[in-house]
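Asker: Submitted below is the structure of interest, expressed as structure tokens.
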Amino acid sequence: MTNEQPNEFEPTVWFPPGETLQETLEAVGMTQAKLAERTGRTTKHISQIANGKATISVETALQFERVLGVPSHIWLSLEQYYREFLARREEDKAIKDRIDEYREWLRFFPVRKMMNLGWIREVNSAVVKAKELLRYFRIASLDQWDEGQIVGYGYRLRSSDATRARMGALLAWLWKGRLAGLETDCASYDQDTFRQVLSEIRREVPSFRDGLAERMQSLCANAGVALIFVHELPRMGAYGATSWLTAEKALIQMCLRGKRDDQFWFTFFHEAGHILLHGKTDCFVEEDEMADADEKEHAANRFAADFLIDSRAWREFARDSFWDNLGSHNYGKGKIRITAFARQCRVSPGVVVGRLQREERIEYRHYNDMKVPLSWT
């Protein structure tokens, strides 16, 4: 399954093969009537082919090859391209007839950003933009568009009151990840192997080495999990998503929107927790507003937190009254404690800071300089 974009050239004019036929007849000094006689066709049929009203069949192409000396594949190619041109012209007309509907649909998505990222071609007219978006979502026309179909692959969109612009960006992002996941070669999913992979990836948490993303992807693929990084879209409001592409292939989809090292690792192990803890029909999107998170989300949160930092060690560290009285006079001491604990647990200081913030042991404005910012390269 590929996601290659089609050739950018679409002709605005294409001559029927009958014109080539007429030119060939003139070149060999033959009339339509004589061609009809030599091919066993009626003069009317030959005239209809010459006027573009009848098609050139395989049988007719073979007859033209024998009589006129032009290979049959030439006639068939001319016929195919002409009929395709007519079909595309009719398709364009159908879109133009409903252009207001299509323009409204286009406004649903961040089309300009999708073009900038190369997800769809750089085009100008609304008609061609519509065709690009249809091609992107792999549907024939607007009649086949169904937001529920995209979501129906398993994703549960949690914000029912989300703006349409946000929903469009999120759907486009989810679809991009699904396409990339389907193209990723993976072994059949094995839970024990995936647990081993997570332990191996866990050892990378203290620092970000060159090639880490590719290494994580390779390890996950060996366990039957496609790990896909997809560039964020404006206002989509999501950090990660989990689903099952097939019964033997899971998908973890992530972006780097606003991410620092603590959020990156927490999101990754949170999504991994969904795969290990929940069924193959369960799929999730991690969004900005998760106040209404259900028990499965809470379970994935616990899995990520405990996988990163031992729960017993964390309780002893976090319940220290030191964090209750954090002020400017002991702010520096807090940094020393965080650094020492991170070294003890073999994580980055940013991971410790992130958990202290999430559990409201410290304010979100504290110690953010200890986190490592991430960006696309």
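Labeling convention for the structure tokens: chains A, B, ... as they appear, residues from 1 per chain, ligands from 1 in order of appearance.
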Might you pull out every residue within 12 Å of Glu363 in chain A, with only C-alpha atoms counted and same-chain residues fewer than 2 positions away left off, and present them as an MDAnalysis selection string?

Answerer: chainID A and resid 323:327 353:361 365:368

Asker: Using C-alpha atoms, can you export the residues from the last selection as a CSV table (one decimal), in the first residue's frame?

Answerer:
```csv
chain,number,residue,atom,x,y,z
A,323,TRP,CA,7.6,20.1,48.3
A,324,ASP,CA,4.9,21.5,50.4
A,325,ASN,CA,7.0,24.5,51.4
A,326,LEU,CA,8.8,25.2,48.2
A,327,GLY,CA,9.8,28.8,48.0
A,353,VAL,CA,9.6,17.6,37.1
A,354,GLY,CA,6.8,16.6,34.8
A,355,ARG,CA,5.4,14.1,37.3
A,356,LEU,CA,5.7,16.5,40.2
A,357,GLN,CA,3.7,19.0,38.1
A,358,ARG,CA,1.1,16.5,37.0
A,359,GLU,CA,0.5,15.4,40.6
A,360,GLU,CA,0.4,19.0,41.7
A,361,ARG,CA,3.3,18.7,44.1
A,365,ARG,CA,5.8,27.1,36.2
A,366,HIS,CA,8.5,25.6,38.4
A,367,TYR,CA,11.7,23.9,37.0
A,368,ASN,CA,10.6,23.9,33.4
```

Asker: Distance table requested - range 219-246 of chain A against range 260-272 of chain A, cut-off 8 Å, only C-alpha atoms: one row per qualifying residue with the closest atom pair and its distance in Å to one decimal, ordered by chain and rising residue number, as a Markdown table.

Answerer:
```
| residue | atom | partner | partner_atom | distance |
| --- | --- | --- | --- | --- |
| A:Tyr239 | CA | A:Thr267 | CA | 7.3 |
| A:Gly240 | CA | A:Thr267 | CA | 6.7 |
| A:Ala241 | CA | A:Glu271 | CA | 6.8 |
| A:Thr242 | CA | A:Glu271 | CA | 5.9 |
```

Asker: Selected residues, C-alpha atoms, written as an mmCIF file, in the first residue's frame, please.

Answerer:
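In the end it all went to result.cif:
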```
data_model
loop_
_atom_site.group_PDB
_atom_site.id
_atom_site.type_symbol
_atom_site.label_atom_id
_atom_site.label_comp_id
_atom_site.auth_asym_id
_atom_site.auth_seq_id
_atom_site.Cartn_x
_atom_site.Cartn_y
_atom_site.Cartn_z
ATOM 1 C CA TYR A 239 -0.550 14.526 21.409
ATOM 2 C CA GLY A 240 -0.894 10.856 20.625
ATOM 3 C CA ALA A 241 -3.232 8.086 19.524
ATOM 4 C CA THR A 242 -3.432 4.320 19.755
#
```

Asker: Would you work out the distance separating CA of Gly18 in chain A from CA of Ala87 in chain A, expressed in Å to one decimal?

Answerer: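 Between CA of Gly18 in chain A and CA of Ala87 in chain A the gap is 17.6 Å.
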
Asker: Set the distance at 10 Å and use only C-alpha atoms: which residues neighbour Leu179 in chain A once local chain neighbours fewer than 2 positions away are removed? I'd like the list as a ChimeraX atom specification.

Answerer: /A:1-3,136-137,174-177,181-184,228,245

Asker: Excluding Trp314 in chain A and any residue of its chain fewer than 5 positions from it, enumerate the residues within 10 Å of it, using only C-alpha atoms, and give them as a VMD selection string.

Answerer: chain A and resid 305 to 306 309 319 341 345 352 355 to 356

Asker: Next, write the just-selected residues to a file, as a CSV table (one decimal), in the first residue's frame, keeping C-alpha atoms as the atom set.

Answerer:
```csv
chain,number,residue,atom,x,y,z
A,305,ALA,CA,4.1,6.8,35.5
A,306,ASP,CA,5.1,3.6,37.2
A,309,ILE,CA,9.6,5.7,37.9
A,319,ARG,CA,5.5,12.8,49.9
A,341,PHE,CA,16.5,11.4,42.2
A,345,CYS,CA,15.9,6.3,38.9
A,352,VAL,CA,10.7,13.9,37.5
A,355,ARG,CA,5.4,14.1,37.3
A,356,LEU,CA,5.7,16.5,40.2
```

Asker: If you run DSSP on the backbone, which residues of range 98-129 of chain A are alpha helix (DSSP H), as a list of chain:residue names?

Answerer: A:Ile99, A:Asp100, A:Glu101, A:Tyr102, A:Arg103, A:Glu104, A:Trp105, A:Leu106, A:Val111, A:Arg112, A:Lys113, A:Met114, A:Met115, A:Asn116, A:Ala126, A:Val127, A:Val128, A:Lys129

Asker: Restricted to C-alpha atoms, what would the selected residues look like written as a short mmCIF file (atom, residue, chain, number, x, y, z; two decimals), in the first residue's frame?

Answerer:
```cif
data_model
loop_
_atom_site.label_atom_id
_atom_site.label_comp_id
_atom_site.auth_asym_id
_atom_site.auth_seq_id
_atom_site.Cartn_x
_atom_site.Cartn_y
_atom_site.Cartn_z
CA ILE A 99 -18.59 23.77 -5.65
CA ASP A 100 -20.22 25.50 -2.67
CA GLU A 101 -20.48 22.17 -0.85
CA TYR A 102 -16.89 21.33 -1.67
CA ARG A 103 -15.63 24.75 -0.56
CA GLU A 104 -17.39 24.25 2.77
CA TRP A 105 -15.76 20.84 3.08
CA LEU A 106 -12.33 22.28 2.26
CA VAL A 111 -5.40 22.57 3.57
CA ARG A 112 -2.55 25.10 3.33
CA LYS A 113 -0.59 23.36 6.09
CA MET A 114 -1.22 19.97 4.52
CA MET A 115 0.22 21.33 1.28
CA ASN A 116 3.26 22.77 3.08
CA ALA A 126 -10.98 24.86 -5.42
CA VAL A 127 -11.81 22.04 -7.84
CA VAL A 128 -8.27 20.64 -7.80
CA LYS A 129 -7.98 21.13 -4.04
#
```

Asker: Between A:Ser141, A:Asn222, A:Thr20, A:Gln217, which has the minimum distance to Gln253 in chain A (counting only C-alpha atoms)?

Answerer: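 Checking each candidate against Gln253 in chain A, we get A:Gln217 as the closest.
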
Asker: If we count only C-alpha atoms and set the cut-off at 9 Å, which residues sit around Arg195 in chain A, ignoring sequence neighbours fewer than 4 positions away in its own chain? Please answer as a ChimeraX atom specification.

Answerer: /A:190-191,199-200,223,276

Asker: Hey, can you spit out that residue selection with C-alpha atoms as a compact mmCIF listing (two decimals), in the first residue's frame?

Answerer:
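part-v1.txt, freshly written:
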```
# COMPACT_ATOMS: atom_id res chain seq x y z
CA ASP A 190 3.63 -10.42 20.48
CA GLN A 191 2.92 -9.10 23.97
CA SER A 199 12.20 -2.22 28.81
CA GLU A 200 14.90 -1.66 26.21
CA ALA A 223 7.07 -6.55 18.35
CA LEU A 276 -0.82 -3.90 26.78
```
